[in-house]
file model.txt (compact mmCIF, C-alpha atoms and all ligand atoms)
# COMPACT_ATOMS: atom_id res chain seq x y z
CA MET M 1 6.87 -33.56 10.33
CA SER M 2 8.72 -30.75 12.02
CA THR M 3 6.98 -28.38 14.41
CA SER M 4 9.39 -25.52 13.74
CA LEU M 5 7.89 -22.19 12.80
CA ILE M 6 10.73 -21.47 10.40
CA GLU M 7 13.45 -23.86 9.38
CA THR M 8 16.28 -23.96 6.86
CA LYS M 9 17.92 -27.04 5.47
CA GLY M 10 21.37 -26.67 3.95
CA VAL M 11 20.91 -23.10 2.68
CA SER M 12 23.84 -21.37 0.99
CA LYS M 13 24.36 -17.90 -0.45
CA ILE M 14 27.25 -17.49 -2.83
CA PHE M 15 28.59 -14.15 -4.09
CA GLY M 16 30.86 -14.85 -7.04
CA ALA M 17 33.57 -17.14 -5.71
CA PHE M 18 32.71 -16.36 -2.08
CA THR M 19 30.33 -18.44 0.00
CA ALA M 20 28.80 -16.06 2.56
CA VAL M 21 26.34 -18.63 3.98
CA ASP M 22 27.40 -22.24 3.74
CA LYS M 23 24.85 -25.06 4.06
CA VAL M 24 23.10 -23.69 7.13
CA ASP M 25 20.55 -25.77 9.04
CA PHE M 26 18.48 -23.65 11.41
CA ALA M 27 15.16 -24.02 13.18
CA ILE M 28 13.10 -22.01 15.62
CA GLU M 29 9.94 -23.11 17.40
CA GLU M 30 6.95 -20.83 17.86
CA ASN M 31 7.40 -18.29 20.68
CA ASP M 32 11.07 -19.11 21.21
CA ALA M 33 13.79 -16.49 21.09
CA VAL M 34 17.06 -17.34 19.34
CA GLY M 35 20.19 -15.20 19.22
CA ILE M 36 22.58 -15.40 16.28
CA ILE M 37 26.16 -14.39 17.07
CA GLY M 38 29.44 -14.52 15.22
CA PRO M 39 32.27 -12.21 14.16
CA ASN M 40 31.92 -9.49 11.51
CA GLY M 41 31.44 -11.06 8.10
CA ALA M 42 30.32 -14.43 9.53
CA GLY M 43 27.19 -14.34 7.34
CA LYS M 44 24.56 -13.38 9.93
CA THR M 45 22.88 -10.60 7.97
CA THR M 46 23.11 -12.64 4.78
CA PHE M 47 21.39 -15.54 6.54
CA ILE M 48 18.60 -13.23 7.74
CA ASN M 49 18.23 -11.99 4.18
CA ILE M 50 17.66 -15.58 3.12
CA LEU M 51 14.92 -16.01 5.74
CA THR M 52 13.15 -12.83 4.68
CA GLY M 53 13.45 -13.41 0.95
CA ASN M 54 15.86 -10.53 0.28
CA PHE M 55 18.22 -13.19 -1.07
CA ILE M 56 17.28 -16.45 -2.74
CA PRO M 57 19.75 -19.18 -1.71
CA GLU M 58 21.74 -21.00 -4.37
CA GLU M 59 21.12 -24.25 -2.52
CA GLY M 60 18.99 -25.54 0.32
CA ARG M 61 15.34 -25.01 1.24
CA ILE M 62 13.39 -22.81 3.67
CA PHE M 63 10.26 -24.01 5.41
CA TYR M 64 7.67 -21.88 7.19
CA MET M 65 5.02 -23.72 9.18
CA GLY M 66 6.14 -26.82 7.32
CA LYS M 67 5.60 -25.24 3.88
CA ASP M 68 8.47 -24.77 1.44
CA ILE M 69 8.80 -20.99 0.94
CA THR M 70 12.21 -20.98 -0.78
CA ASP M 71 10.76 -19.44 -3.92
CA VAL M 72 8.25 -17.15 -2.19
CA ARG M 73 8.94 -13.44 -2.82
CA ILE M 74 9.80 -10.98 -0.05
CA GLU M 75 6.45 -9.12 -0.16
CA LYS M 76 4.55 -12.36 0.16
CA ARG M 77 6.75 -13.44 3.09
CA ILE M 78 5.91 -10.17 4.86
CA GLU M 79 2.23 -10.91 4.27
CA MET M 80 2.84 -14.34 5.77
CA GLY M 81 4.18 -12.65 8.91
CA ILE M 82 7.96 -12.76 8.50
CA PHE M 83 9.13 -9.31 9.57
CA ARG M 84 12.60 -7.89 10.06
CA THR M 85 14.37 -4.77 11.20
CA PHE M 86 17.64 -3.60 9.74
CA GLN M 87 21.21 -3.15 10.96
CA LEU M 88 20.79 0.42 9.67
CA VAL M 89 17.28 1.61 10.57
CA HIS M 90 14.50 1.80 7.97
CA VAL M 91 11.85 4.38 8.95
CA PHE M 92 10.28 7.41 7.26
CA ASP M 93 12.40 10.09 8.86
CA ASN M 94 10.49 13.15 7.61
CA VAL M 95 7.21 12.35 9.38
CA SER M 96 6.29 11.76 13.03
CA VAL M 97 6.57 8.69 15.23
CA TYR M 98 2.77 8.47 15.33
CA GLU M 99 2.54 8.63 11.54
CA ASN M 100 5.16 5.91 11.04
CA LEU M 101 3.31 3.57 13.39
CA ALA M 102 -0.07 4.35 11.83
CA LEU M 103 1.30 3.67 8.37
CA SER M 104 2.80 0.35 9.38
CA TYR M 105 -0.50 -0.77 10.95
CA TYR M 106 -2.53 0.39 7.98
CA ARG M 107 -0.31 -1.45 5.51
CA LYS M 108 -0.73 -4.68 7.39
CA GLU M 109 -4.48 -4.34 8.00
CA GLU M 110 -5.35 -3.28 4.49
CA ASN M 111 -2.70 -5.48 2.94
CA ARG M 112 -1.63 -2.73 0.58
CA SER M 113 0.55 0.32 0.64
CA VAL M 114 -0.62 3.81 -0.25
CA PRO M 115 1.39 6.92 -1.07
CA LEU M 116 2.43 8.53 2.20
CA ASN M 117 0.68 11.88 1.49
CA MET M 118 -2.60 10.20 0.66
CA PHE M 119 -2.39 8.08 3.79
CA LEU M 120 -1.75 11.07 6.05
CA VAL M 121 -4.77 12.95 4.70
CA ASN M 122 -7.26 10.09 4.57
CA PHE M 123 -6.48 7.50 7.19
CA LEU M 124 -4.41 8.85 10.02
CA LYS M 125 -7.25 9.64 12.43
CA LYS M 126 -9.26 6.47 11.92
CA LYS M 127 -10.31 5.20 15.33
CA ASP M 128 -9.01 1.64 15.07
CA ILE M 129 -5.64 2.91 13.84
CA ARG M 130 -5.43 5.44 16.68
CA ARG M 131 -6.24 2.80 19.29
CA LYS M 132 -3.55 0.44 18.03
CA VAL M 133 -0.93 3.19 17.69
CA GLU M 134 -1.61 4.33 21.26
CA GLU M 135 -1.08 0.77 22.46
CA ALA M 136 2.27 0.63 20.62
CA LEU M 137 3.34 4.03 21.95
CA GLU M 138 2.73 2.82 25.48
CA LEU M 139 4.38 -0.59 25.11
CA PHE M 140 7.46 0.93 23.49
CA HIS M 141 7.70 3.93 25.86
CA LEU M 142 7.32 6.35 22.97
CA GLU M 143 4.30 8.39 24.17
CA LYS M 144 6.33 11.52 24.76
CA LYS M 145 7.89 11.25 21.31
CA MET M 146 4.70 10.63 19.35
CA ASP M 147 4.71 14.02 17.59
CA ASP M 148 8.48 14.16 17.04
CA ILE M 149 9.79 13.99 13.50
CA VAL M 150 11.61 10.67 13.29
CA GLY M 151 14.73 12.15 11.70
CA ASN M 152 15.24 14.18 14.91
CA LEU M 153 15.08 11.16 17.24
CA SER M 154 18.13 9.52 18.79
CA LEU M 155 19.30 6.35 17.06
CA GLY M 156 18.07 4.37 20.08
CA ASN M 157 14.55 5.74 19.70
CA GLN M 158 14.66 5.16 15.95
CA LYS M 159 15.60 1.52 16.55
CA LYS M 160 12.83 1.22 19.10
CA LEU M 161 10.39 2.71 16.63
CA GLU M 162 11.48 0.24 13.97
CA ILE M 163 10.74 -2.66 16.33
CA ALA M 164 7.43 -1.02 17.28
CA MET M 165 6.54 -0.73 13.58
CA ALA M 166 7.14 -4.45 13.21
CA TRP M 167 5.14 -5.21 16.40
CA ILE M 168 2.14 -3.15 15.33
CA ALA M 169 1.80 -5.29 12.20
CA ASP M 170 1.54 -8.34 14.49
CA PRO M 171 4.04 -10.58 12.67
CA ALA M 172 4.40 -14.30 13.31
CA ILE M 173 8.15 -13.88 13.52
CA PHE M 174 10.38 -10.92 14.40
CA ILE M 175 13.87 -10.84 12.97
CA LEU M 176 16.04 -8.11 14.48
CA ASP M 177 19.46 -7.29 13.02
CA GLU M 178 21.68 -5.70 15.67
CA PRO M 179 19.01 -3.80 17.61
CA PHE M 180 21.65 -2.64 20.12
CA ALA M 181 24.35 -1.45 17.72
CA GLY M 182 25.48 2.15 18.10
CA ILE M 183 23.14 3.06 20.96
CA SER M 184 23.76 3.88 24.62
CA ASP M 185 23.53 1.35 27.47
CA HIS M 186 20.54 3.25 28.78
CA GLU M 187 18.76 2.91 25.42
CA ILE M 188 19.70 -0.78 25.20
CA ASP M 189 18.18 -1.42 28.64
CA ASP M 190 15.02 0.38 27.57
CA ILE M 191 14.68 -1.92 24.53
CA LEU M 192 15.51 -4.95 26.69
CA VAL M 193 12.59 -4.20 29.00
CA ILE M 194 10.27 -4.20 25.99
CA LEU M 195 11.72 -7.36 24.44
CA LYS M 196 11.36 -9.13 27.80
CA LYS M 197 7.63 -8.36 27.68
CA LEU M 198 7.46 -10.12 24.31
CA HIS M 199 9.48 -13.10 25.54
CA HIS M 200 7.67 -16.39 24.86
CA LYS M 201 4.75 -14.44 23.43
CA LYS M 202 6.42 -13.87 20.07
CA THR M 203 8.91 -15.75 17.94
CA ILE M 204 12.09 -13.69 17.82
CA ILE M 205 15.43 -14.06 16.05
CA ILE M 206 18.04 -11.50 17.10
CA VAL M 207 21.45 -10.98 15.53
CA GLU M 208 23.59 -9.12 18.03
CA HIS M 209 27.22 -8.61 19.05
CA LYS M 210 26.41 -7.45 22.60
CA LEU M 211 26.33 -10.93 24.08
CA SER M 212 25.66 -10.07 27.74
CA LYS M 213 22.54 -8.13 26.72
CA LEU M 214 21.46 -10.73 24.19
CA THR M 215 21.55 -13.61 26.66
CA GLU M 216 19.06 -11.73 28.85
CA ILE M 217 16.38 -12.22 26.21
CA VAL M 218 17.12 -15.41 24.24
CA ASP M 219 16.87 -19.07 25.21
CA THR M 220 19.07 -20.40 22.47
CA LEU M 221 22.23 -19.22 20.73
CA CYS M 222 23.31 -20.06 17.23
CA VAL M 223 26.98 -19.30 16.49
CA MET M 224 28.08 -18.54 12.94
CA HIS M 225 31.65 -18.61 11.69
CA GLU M 226 32.72 -18.20 8.07
CA GLY M 227 29.21 -18.80 6.79
CA GLN M 228 28.57 -21.93 8.82
CA VAL M 229 26.66 -22.61 12.04
CA ILE M 230 29.35 -24.06 14.28
CA ALA M 231 27.12 -24.59 17.33
CA SER M 232 23.61 -24.00 18.59
CA GLY M 233 21.70 -24.75 21.76
CA PRO M 234 21.11 -23.32 25.26
CA CYS M 235 23.21 -20.17 25.77
CA GLU M 236 25.74 -21.27 28.36
CA GLU M 237 26.29 -24.72 26.90
CA THR M 238 26.81 -23.25 23.43
CA LEU M 239 29.28 -20.63 24.60
CA ASN M 240 31.35 -23.42 26.18
CA ASN M 241 31.27 -25.61 23.09
CA PRO M 242 34.89 -26.48 22.09
CA GLU M 243 34.44 -25.21 18.51
CA VAL M 244 32.95 -21.93 19.80
CA ARG M 245 35.80 -21.53 22.29
CA LYS M 246 38.26 -21.92 19.46
CA SER M 247 36.61 -19.96 16.63
CA TYR M 248 34.55 -17.36 18.50
CA TRP M 249 36.47 -16.75 21.71
CA LYS M 250 39.88 -17.59 20.14
CA ILE M 251 40.70 -19.74 23.18
CA GLU M 252 43.12 -22.60 22.47
CA ASP M 253 42.29 -25.39 24.95
N1 LIG T 1 25.61 -8.33 -1.67
C1 LIG T 1 26.84 -8.83 -1.41
N2 LIG T 1 27.75 -9.02 -2.38
C2 LIG T 1 28.98 -9.53 -2.11
N3 LIG T 1 29.38 -9.92 -0.89
C3 LIG T 1 28.51 -9.75 0.13
C4 LIG T 1 27.21 -9.21 -0.07
N4 LIG T 1 26.57 -9.17 1.14
C5 LIG T 1 27.45 -9.67 2.03
N5 LIG T 1 28.61 -10.02 1.43
C6 LIG T 1 29.78 -10.60 2.08
O1 LIG T 1 29.36 -11.75 2.77
C7 LIG T 1 30.04 -11.85 4.03
C8 LIG T 1 29.04 -11.95 5.14
O2 LIG T 1 28.41 -10.68 5.29
P1 LIG T 1 27.27 -10.41 6.35
O3 LIG T 1 26.82 -9.01 6.15
O4 LIG T 1 26.26 -11.47 6.25
O5 LIG T 1 28.07 -10.56 7.72
P2 LIG T 1 27.59 -10.34 9.21
O6 LIG T 1 27.84 -11.62 9.95
O7 LIG T 1 26.22 -9.78 9.23
O8 LIG T 1 28.65 -9.27 9.73
P3 LIG T 1 28.47 -7.99 10.71
O9 LIG T 1 28.54 -8.53 12.10
O10 LIG T 1 29.66 -7.15 10.39
O11 LIG T 1 27.18 -7.32 10.38
C9 LIG T 1 30.96 -10.64 4.14
O12 LIG T 1 32.26 -11.02 3.74
C10 LIG T 1 30.35 -9.67 3.15
O13 LIG T 1 31.34 -8.83 2.60
MG MG T 2 25.40 -7.95 9.77
call {"tool": "encode", "arguments": {"input": "model.txt", "output": "structure tokens", "more": "lines below"}}
Ligand SMILES: Nc1ncnc2c1ncn2[C@@H]1O[C@H](COP(=O)(O)OP(=O)(O)OP(=O)(O)O)[C@@H](O)[C@H]1O
Ligand SMILES: [Mg+2]
result
Amino acid sequence: MSTSLIETKGVSKIFGAFTAVDKVDFAIEENDAVGIIGPNGAGKTTFINILTGNFIPEEGRIFYMGKDITDVRIEKRIEMGIFRTFQLVHVFDNVSVYENLALSYYRKEENRSVPLNMFLVNFLKKKDIRRKVEEALELFHLEKKMDDIVGNLSLGNQKKLEIAMAWIADPAIFILDEPFAGISDHEIDDILVILKKLHHKKTIIIVEHKLSKLTEIVDTLCVMHEGQVIASGPCEETLNNPEVRKSYWKIED
């Protein structure tokens, strides 16, 4: 029996005549950090969508803590602790940073969602929520932004908030889709400091193009090309793999 936290065996996602994810085997152990790289259109986001339940694969199976979750719906997978952030951020941009964090915590704790207005009136100042939100604000260096309306934040701070909203719900697994895309080096370094604090304390899958930043926070790389995993393993070894040199780096040996 496998000890992987989440594992796929031969999963494929087919759009019409096009196979976006092609028989992918993948596994991550608890508290490891794995980076998924590959050119645009390689199938990285589609693969993540299979893990989270946004897409049901046409073939293959997904196992979580050894249990087959292939047919488990997205909401149930979130309840089980499989959380993701998006390539394009998903936050409530017309309320504050504090309110977004409080809402995310409340949803997880109470295991239900409430209309935003009702939440803000009834639950926002509850002591346990406040304590947890303050902890998140500190860990994610967002204290000074707590009252800012999210729509007015920089993209870097919005991405940070999205990760903080996942963290506050204490997931078993974080799946981050391009956390560094479109933000400044300074903002990337700020997020890196936070992710380093979570290293080996949380299970993290990160899809990212910025390889030099990614390898600062992952142990293992998984390289996708045309829907397939062409190599995976320790970062340096994987980047020197002959197939990766050819397909990813376009180096003809
Ligand atoms: N819902 C969909 N319907 C049809 N084709 C899709 C759909 N989603 C993705 N694709 C196609 O599947 C392929 C893989 O897309 P995907 O978004 O997974 O790539 P990616 O590796 O995340 O790329 P990027 O680095 O640009 O984000 C692309 O050719 C894309 O056009
Ligand atoms: Mg993508």
call {"tool": "closest_residue", "arguments": {"input": "model.txt", "among": "M:Glu162, M:Asp170, M:Glu178, M:Glu58", "to": "ligand LIG 1 (chain T)", "atoms": "only C-alpha atoms and all ligand atoms"}}
result
M:Glu178
call {"tool": "closest_residue", "arguments": {"input": "model.txt", "among": "M:Val223, M:Ala42, M:Val244, M:Leu51", "to": "ligand MG 2 (chain T)", "atoms": "only C-alpha atoms and all ligand atoms"}}
result
M:Ala42
call {"tool": "closest_residue", "arguments": {"input": "model.txt", "among": "M:His90, M:Lys126, M:Lys9, M:Lys132", "to": "Ile62 (chain M)", "atoms": "all atoms listed in the file"}}
result
M:Lys9
call {"tool": "residues_near_ligand", "arguments": {"input": "model.txt", "ligand": "ligand LIG 1 (chain T)", "cutoff": "6 Å", "atoms": "all atoms listed in the file", "output": "PyMOL selection string"}}
result
chain M and resi 15+20+39-46
call {"tool": "closest_residue", "arguments": {"input": "model.txt", "among": "M:Thr19, M:Asn152, M:Asn100, M:Ser247", "to": "Pro57 (chain M)", "atoms": "only C-alpha atoms"}}
result
M:Thr19
call {"tool": "closest_residue", "arguments": {"input": "model.txt", "among": "M:Leu176, M:Val95, M:Ile188, M:Leu139", "to": "Val34 (chain M)", "atoms": "only C-alpha atoms"}}
result
M:Leu176
